[in-house]
$ cat query-v9.txt   # compact mmCIF, C-alpha atoms
# COMPACT_ATOMS: atom_id res chain seq x y z
CA MET A 8 -9.93 -10.43 -11.90
CA PRO A 9 -9.18 -10.46 -8.16
CA ARG A 10 -12.10 -10.46 -5.74
CA PRO A 11 -12.12 -8.86 -2.28
CA GLU A 12 -12.26 -12.37 -0.72
CA ASP A 13 -9.09 -13.31 -2.61
CA LEU A 14 -7.24 -10.31 -1.24
CA LYS A 15 -8.51 -10.98 2.26
CA GLN A 16 -7.32 -14.58 2.11
CA ARG A 17 -3.90 -13.64 0.75
CA ILE A 18 -3.36 -11.06 3.49
CA GLU A 19 -4.51 -13.36 6.27
CA ALA A 20 -2.42 -16.27 4.91
CA ALA A 21 0.73 -14.15 4.66
CA ILE A 22 0.54 -12.22 7.94
CA PRO A 23 0.10 -14.53 10.94
CA GLY A 24 -2.98 -13.73 13.01
CA ALA A 25 -4.02 -10.87 10.72
CA GLN A 26 -7.64 -9.98 10.26
CA ALA A 27 -8.46 -8.21 7.04
CA SER A 28 -11.59 -6.71 5.62
CA VAL A 29 -11.48 -5.82 1.98
CA THR A 30 -13.92 -3.91 -0.17
CA ASP A 31 -14.02 -3.36 -3.90
CA LEU A 32 -14.29 0.40 -4.22
CA THR A 33 -15.66 0.57 -7.71
CA GLY A 34 -17.05 -2.88 -8.40
CA GLY A 35 -14.50 -3.11 -11.17
CA GLY A 36 -12.24 -5.65 -9.47
CA ASP A 37 -9.14 -3.45 -9.53
CA HIS A 38 -9.57 -0.73 -6.87
CA PHE A 39 -9.68 -2.05 -3.34
CA ARG A 40 -9.62 -0.81 0.21
CA ALA A 41 -8.30 -3.04 2.99
CA THR A 42 -8.37 -2.63 6.73
CA VAL A 43 -5.81 -4.94 8.29
CA VAL A 44 -5.37 -5.63 11.99
CA ALA A 45 -2.30 -7.60 13.04
CA ALA A 46 -0.40 -7.88 16.31
CA GLU A 47 2.96 -7.67 14.56
CA PHE A 48 2.15 -4.13 13.42
CA ALA A 49 2.82 -2.96 16.97
CA GLN A 50 6.54 -3.26 16.21
CA LEU A 51 6.33 -1.49 12.86
CA SER A 52 6.07 2.13 11.78
CA ARG A 53 3.03 3.08 9.72
CA ILE A 54 5.11 3.06 6.54
CA GLU A 55 6.45 -0.39 7.39
CA GLN A 56 2.92 -1.64 8.12
CA HIS A 57 1.75 -0.57 4.69
CA ARG A 58 4.88 -2.00 3.05
CA ARG A 59 4.16 -5.32 4.77
CA VAL A 60 0.68 -5.47 3.25
CA TYR A 61 1.76 -4.25 -0.17
CA GLY A 62 4.50 -6.87 -0.02
CA VAL A 63 1.89 -9.61 0.12
CA PHE A 64 0.85 -8.72 -3.41
CA GLY A 65 4.23 -7.93 -4.98
CA ALA A 66 3.94 -6.99 -8.62
CA ASP A 67 0.16 -7.44 -8.56
CA ILE A 68 0.03 -3.89 -7.17
CA GLY A 69 0.02 -1.70 -10.21
CA GLY A 70 -0.88 -4.79 -12.24
CA PRO A 71 -4.25 -6.52 -11.73
CA ILE A 72 -4.65 -4.58 -8.49
CA HIS A 73 -4.67 -1.04 -9.78
CA ALA A 74 -5.05 0.55 -6.35
CA LEU A 75 -5.08 -0.74 -2.79
CA SER A 76 -6.00 1.81 -0.17
CA LEU A 77 -4.88 0.72 3.30
CA GLU A 78 -5.71 1.23 6.91
CA THR A 79 -3.51 -0.77 9.28
CA LYS A 80 -3.81 -1.25 13.01
CA ALA A 81 -2.00 -3.26 15.65
CA GLU A 82 -5.03 -4.13 17.77
CA MET B 28 26.58 15.01 -9.36
CA SER B 29 28.23 11.97 -10.80
CA THR B 30 26.92 10.68 -14.06
CA THR B 31 25.65 7.13 -14.00
CA GLU B 32 23.94 4.89 -16.46
CA ASN B 33 20.61 5.80 -14.94
CA PRO B 34 19.64 9.40 -15.67
CA ILE B 35 16.08 8.96 -14.37
CA ARG B 36 17.23 7.74 -10.97
CA ASP B 37 19.74 10.61 -10.88
CA ALA B 38 16.97 13.08 -11.70
CA ILE B 39 14.75 11.68 -8.93
CA GLN B 40 17.55 11.86 -6.39
CA GLY B 41 18.42 15.35 -7.57
CA ALA B 42 14.82 16.48 -7.10
CA LEU B 43 14.71 14.89 -3.63
CA GLY B 44 17.83 16.78 -2.63
CA GLU B 45 16.54 20.03 -4.01
CA HIS B 46 13.00 20.16 -2.62
CA GLU B 47 12.22 19.90 1.05
CA VAL B 48 8.63 18.83 0.36
CA LEU B 49 8.23 16.83 -2.82
CA LEU B 50 5.17 15.00 -4.08
CA PHE B 51 5.38 12.40 -6.83
CA MET B 52 1.90 12.19 -8.32
CA LYS B 53 -0.19 11.35 -11.35
CA GLY B 54 -0.86 14.61 -13.16
CA THR B 55 -0.16 18.04 -11.71
CA PRO B 56 -1.45 19.83 -8.60
CA GLU B 57 -3.66 21.92 -10.90
CA ALA B 58 -4.89 18.89 -12.84
CA PRO B 59 -4.43 15.67 -10.86
CA ALA B 60 -5.03 12.58 -12.97
CA CYS B 61 -6.00 10.28 -10.10
CA GLY B 62 -8.26 10.63 -7.07
CA PHE B 63 -5.51 9.57 -4.67
CA SER B 64 -3.11 12.17 -6.00
CA ALA B 65 -5.88 14.79 -5.89
CA ARG B 66 -6.60 13.99 -2.27
CA THR B 67 -2.96 14.25 -1.25
CA VAL B 68 -2.58 17.60 -3.02
CA ALA B 69 -5.73 18.82 -1.27
CA ALA B 70 -4.29 17.89 2.16
CA LEU B 71 -1.08 19.81 1.48
CA GLU B 72 -3.00 22.78 0.14
CA ALA B 73 -5.39 22.82 3.12
CA LEU B 74 -2.35 23.30 5.36
CA GLY B 75 -0.96 25.97 3.08
CA ALA B 76 2.25 23.98 2.85
CA PRO B 77 4.51 24.84 -0.07
CA PHE B 78 5.51 21.78 -2.06
CA ALA B 79 7.08 20.77 -5.34
CA ALA B 80 5.45 18.11 -7.49
CA VAL B 81 6.64 15.67 -10.11
CA ASP B 82 4.20 14.14 -12.58
CA ILE B 83 5.18 10.50 -13.02
CA LEU B 84 2.93 9.86 -16.00
CA PRO B 85 5.05 11.21 -18.86
CA ASP B 86 7.52 8.30 -18.63
CA PRO B 87 6.71 4.90 -17.05
CA ARG B 88 10.36 4.58 -16.03
CA ILE B 89 9.90 7.40 -13.48
CA ARG B 90 7.45 5.32 -11.48
CA GLN B 91 9.60 2.22 -11.82
CA GLU B 92 12.74 3.94 -10.59
CA LEU B 93 10.89 5.81 -7.86
CA SER B 94 9.30 2.64 -6.48
CA THR B 95 12.66 0.86 -6.54
CA LEU B 96 14.25 3.74 -4.67
CA SER B 97 11.48 4.20 -2.11
CA ASN B 98 10.39 0.56 -1.74
CA TRP B 99 6.82 1.78 -2.12
CA PRO B 100 4.65 0.43 -4.93
CA THR B 101 1.93 3.04 -5.35
CA ILE B 102 1.53 6.68 -6.35
CA PRO B 103 1.32 9.33 -4.87
CA GLN B 104 4.42 9.39 -2.67
CA LEU B 105 5.16 12.33 -0.40
CA PHE B 106 8.75 13.02 0.64
CA VAL B 107 9.90 15.48 3.27
CA LYS B 108 13.63 16.21 3.46
CA GLY B 109 14.29 13.27 1.18
CA GLU B 110 12.42 10.78 3.39
CA LEU B 111 9.25 8.99 2.32
CA VAL B 112 6.34 10.09 4.52
CA GLY B 113 3.75 7.91 2.80
CA GLY B 114 1.04 7.64 0.22
CA CYS B 115 -2.48 9.04 0.18
CA ASP B 116 -3.77 6.95 3.11
CA ILE B 117 -0.90 7.81 5.46
CA VAL B 118 -0.92 11.48 4.45
CA SER B 119 -4.68 11.65 5.10
CA GLU B 120 -4.33 9.94 8.50
CA MET B 121 -1.48 12.27 9.43
CA TYR B 122 -3.48 15.28 8.30
CA GLU B 123 -6.30 14.33 10.66
CA SER B 124 -3.98 13.61 13.60
CA GLY B 125 -2.07 16.87 13.14
CA GLU B 126 1.17 15.00 12.43
CA LEU B 127 1.28 16.20 8.84
CA ALA B 128 1.46 19.88 9.81
CA GLN B 129 4.16 18.96 12.32
CA VAL B 130 6.25 17.04 9.77
CA LEU B 131 5.85 19.86 7.27
CA GLY B 132 6.75 22.47 9.88
CA VAL B 133 3.59 24.53 9.32
CA GLU B 134 0.74 25.69 11.52
CA ALA B 135 -2.60 24.38 10.29
CA PRO B 136 -4.66 27.43 9.25
CA ALA B 137 -7.65 28.15 11.51
CA ASP B 138 -10.02 27.35 8.64
CA ALA B 139 -8.40 24.03 7.74
CA PRO B 140 -11.01 21.25 7.93
CA ASP B 141 -10.56 18.60 10.64
CA ASP B 142 -11.14 15.74 8.21
CA ALA B 143 -8.68 15.18 5.41
CA PRO B 144 -10.08 17.06 2.45
CA ALA B 145 -11.87 14.83 0.03
CA ALA B 146 -10.81 16.11 -3.35
CA ALA B 147 -12.51 12.91 -4.33
CA GLU B 148 -14.36 10.33 -2.27
CA PRO B 149 -12.03 8.53 0.13
CA GLY B 150 -10.29 5.83 -1.79
CA ALA B 151 -11.72 7.18 -4.98
CA PRO B 152 -10.99 5.62 -8.31
CA PRO B 153 -8.75 7.49 -10.70
CA LEU B 154 -10.28 10.45 -12.42
CA GLN B 155 -8.61 9.22 -15.53
CA ILE B 156 -7.76 5.58 -15.89
CA LYS B 157 -6.32 5.58 -19.34
CA ASN B 158 -2.59 6.21 -19.45
CA ASN B 159 -1.69 7.13 -22.98
CA LEU B 160 1.95 6.37 -22.39
CA VAL B 161 1.69 2.64 -22.01
$ encode --input "query-v9.txt" --output "structure tokens"
Amino acid sequence: MPRPEDLKQRIEAAIPGAQASVTDLTGGGDHFRATVVAAEFAQLSRIEQHRRVYGVFGADIGGPIHALSLETKAE
Amino acid sequence: MSTTENPIRDAIQGALGEHEVLLFMKGTPEAPACGFSARTVAALEALGAPFAAVDILPDPRIRQELSTLSNWPTIPQLFVKGELVGGCDIVSEMYESGELAQVLGVEAPADAPDDAPAAAEPGAPPLQIKNNLV
């Protein structure tokens, strides 16, 4: 069962310079909310920013990670 | 429309061509089966924007084909004029910034709340987790 710290580490490892804060919304280990700040987002549309974060988890989204609510920012 | 080996993808593309504002969701606007879908429906309804909806739950292949087509892994997905606008988070952000009304080509009603309507708590868990189809 993924933990918020695991998600945070995966995001920060995959997106250079990213800072992520992740919470488990239900305590059930499958519904998360992440706020991700990364400089590279400045070049991306909001859809592309979310795709970038979802892309970190690939097929885990919809699998062990049932839901990942996102807020992304460039600064 | 040409017939291919993939009737579900054809049906999705057909629906996207047919409906200017189309929401792929879990459940129906009247009975959403997930908090995120409920919240997205509530944002559209608060703006009084007409929209068509497709329930992806009846066949797991709908979600699979949709996500392949849109390169977006989660549900709901809102499309305007065949283009993906976003999921629940983006729709809620755009509601609050006024961009959603703009994209939908509607005037926000005077009584529309400033905050995205919380049909459920922000980032709420699904109202119904069990999917009987899988």
$ residues_around --input "query-v9.txt" --residues "Gly125 in chain B" --least-positions-apart "2" --cutoff "12 Å" --atoms "all atoms listed in the file" --output "VMD selection string"
chain B and resid 70 74 117 to 123 127 to 136 139 to 143
$ atom_distance --input "query-v9.txt" --atom1 "CA of His38 in chain A" --atom2 "CA of Ile22 in chain A"
21.3 Å
$ atom_distance --input "query-v9.txt" --atom1 "CA of Arg40 in chain A" --atom2 "CA of Gly113 in chain B"
16.2 Å
$ closest_residue --input "query-v9.txt" --among "B:Gly54, B:Gly75, B:Pro85, B:Gly62" --to "chain A" --atoms "all atoms listed in the file"
B:Gly62
$ residues_near_point --input "query-v9.txt" --point "(-1.9, 3.1, 0.2)" --cutoff "12 Å" --atoms "only C-alpha atoms" --output "PyMOL selection string"
(chain A and resi 38-42+53-62+68-69+72-79) or (chain B and resi 63-64+67+99-105+112-120+149-151)
$ closest_residue --input "query-v9.txt" --among "B:Pro87, B:Gly41, B:Pro144, B:Gly109" --to "chain A" --atoms "only C-alpha atoms"
B:Pro87
$ residues_near_point --input "query-v9.txt" --point "(-3.9, 14.2, -10.2)" --cutoff "10 Å" --atoms "only C-alpha atoms" --output "list in words"
Met52, Lys53, Gly54, Thr55, Pro56, Glu57, Ala58, Pro59, Ala60, Cys61, Gly62, Phe63, Ser64, Ala65, Arg66, Thr67, Val68, Asp82, Leu84, Pro103, Ala146, Pro153, Leu154 and Gln155 of chain B
$ atom_distance --input "query-v9.txt" --atom1 "CA of Glu92 in chain B" --atom2 "CA of Ile39 in chain B"
8.2 Å
$ closest_residue --input "query-v9.txt" --among "B:Val81, B:Ala38, B:Leu111, B:Ala137" --to "chain A" --atoms "all atoms listed in the file"
B:Leu111
$ residues_around --input "query-v9.txt" --residues "Lys15 in chain A" --least-positions-apart "4" --cutoff "12 Å" --atoms "all atoms listed in the file" --output "number ranges by chain"
A: 9-11, 19-22, 25-31, 39-44, 60, 63-64, 75
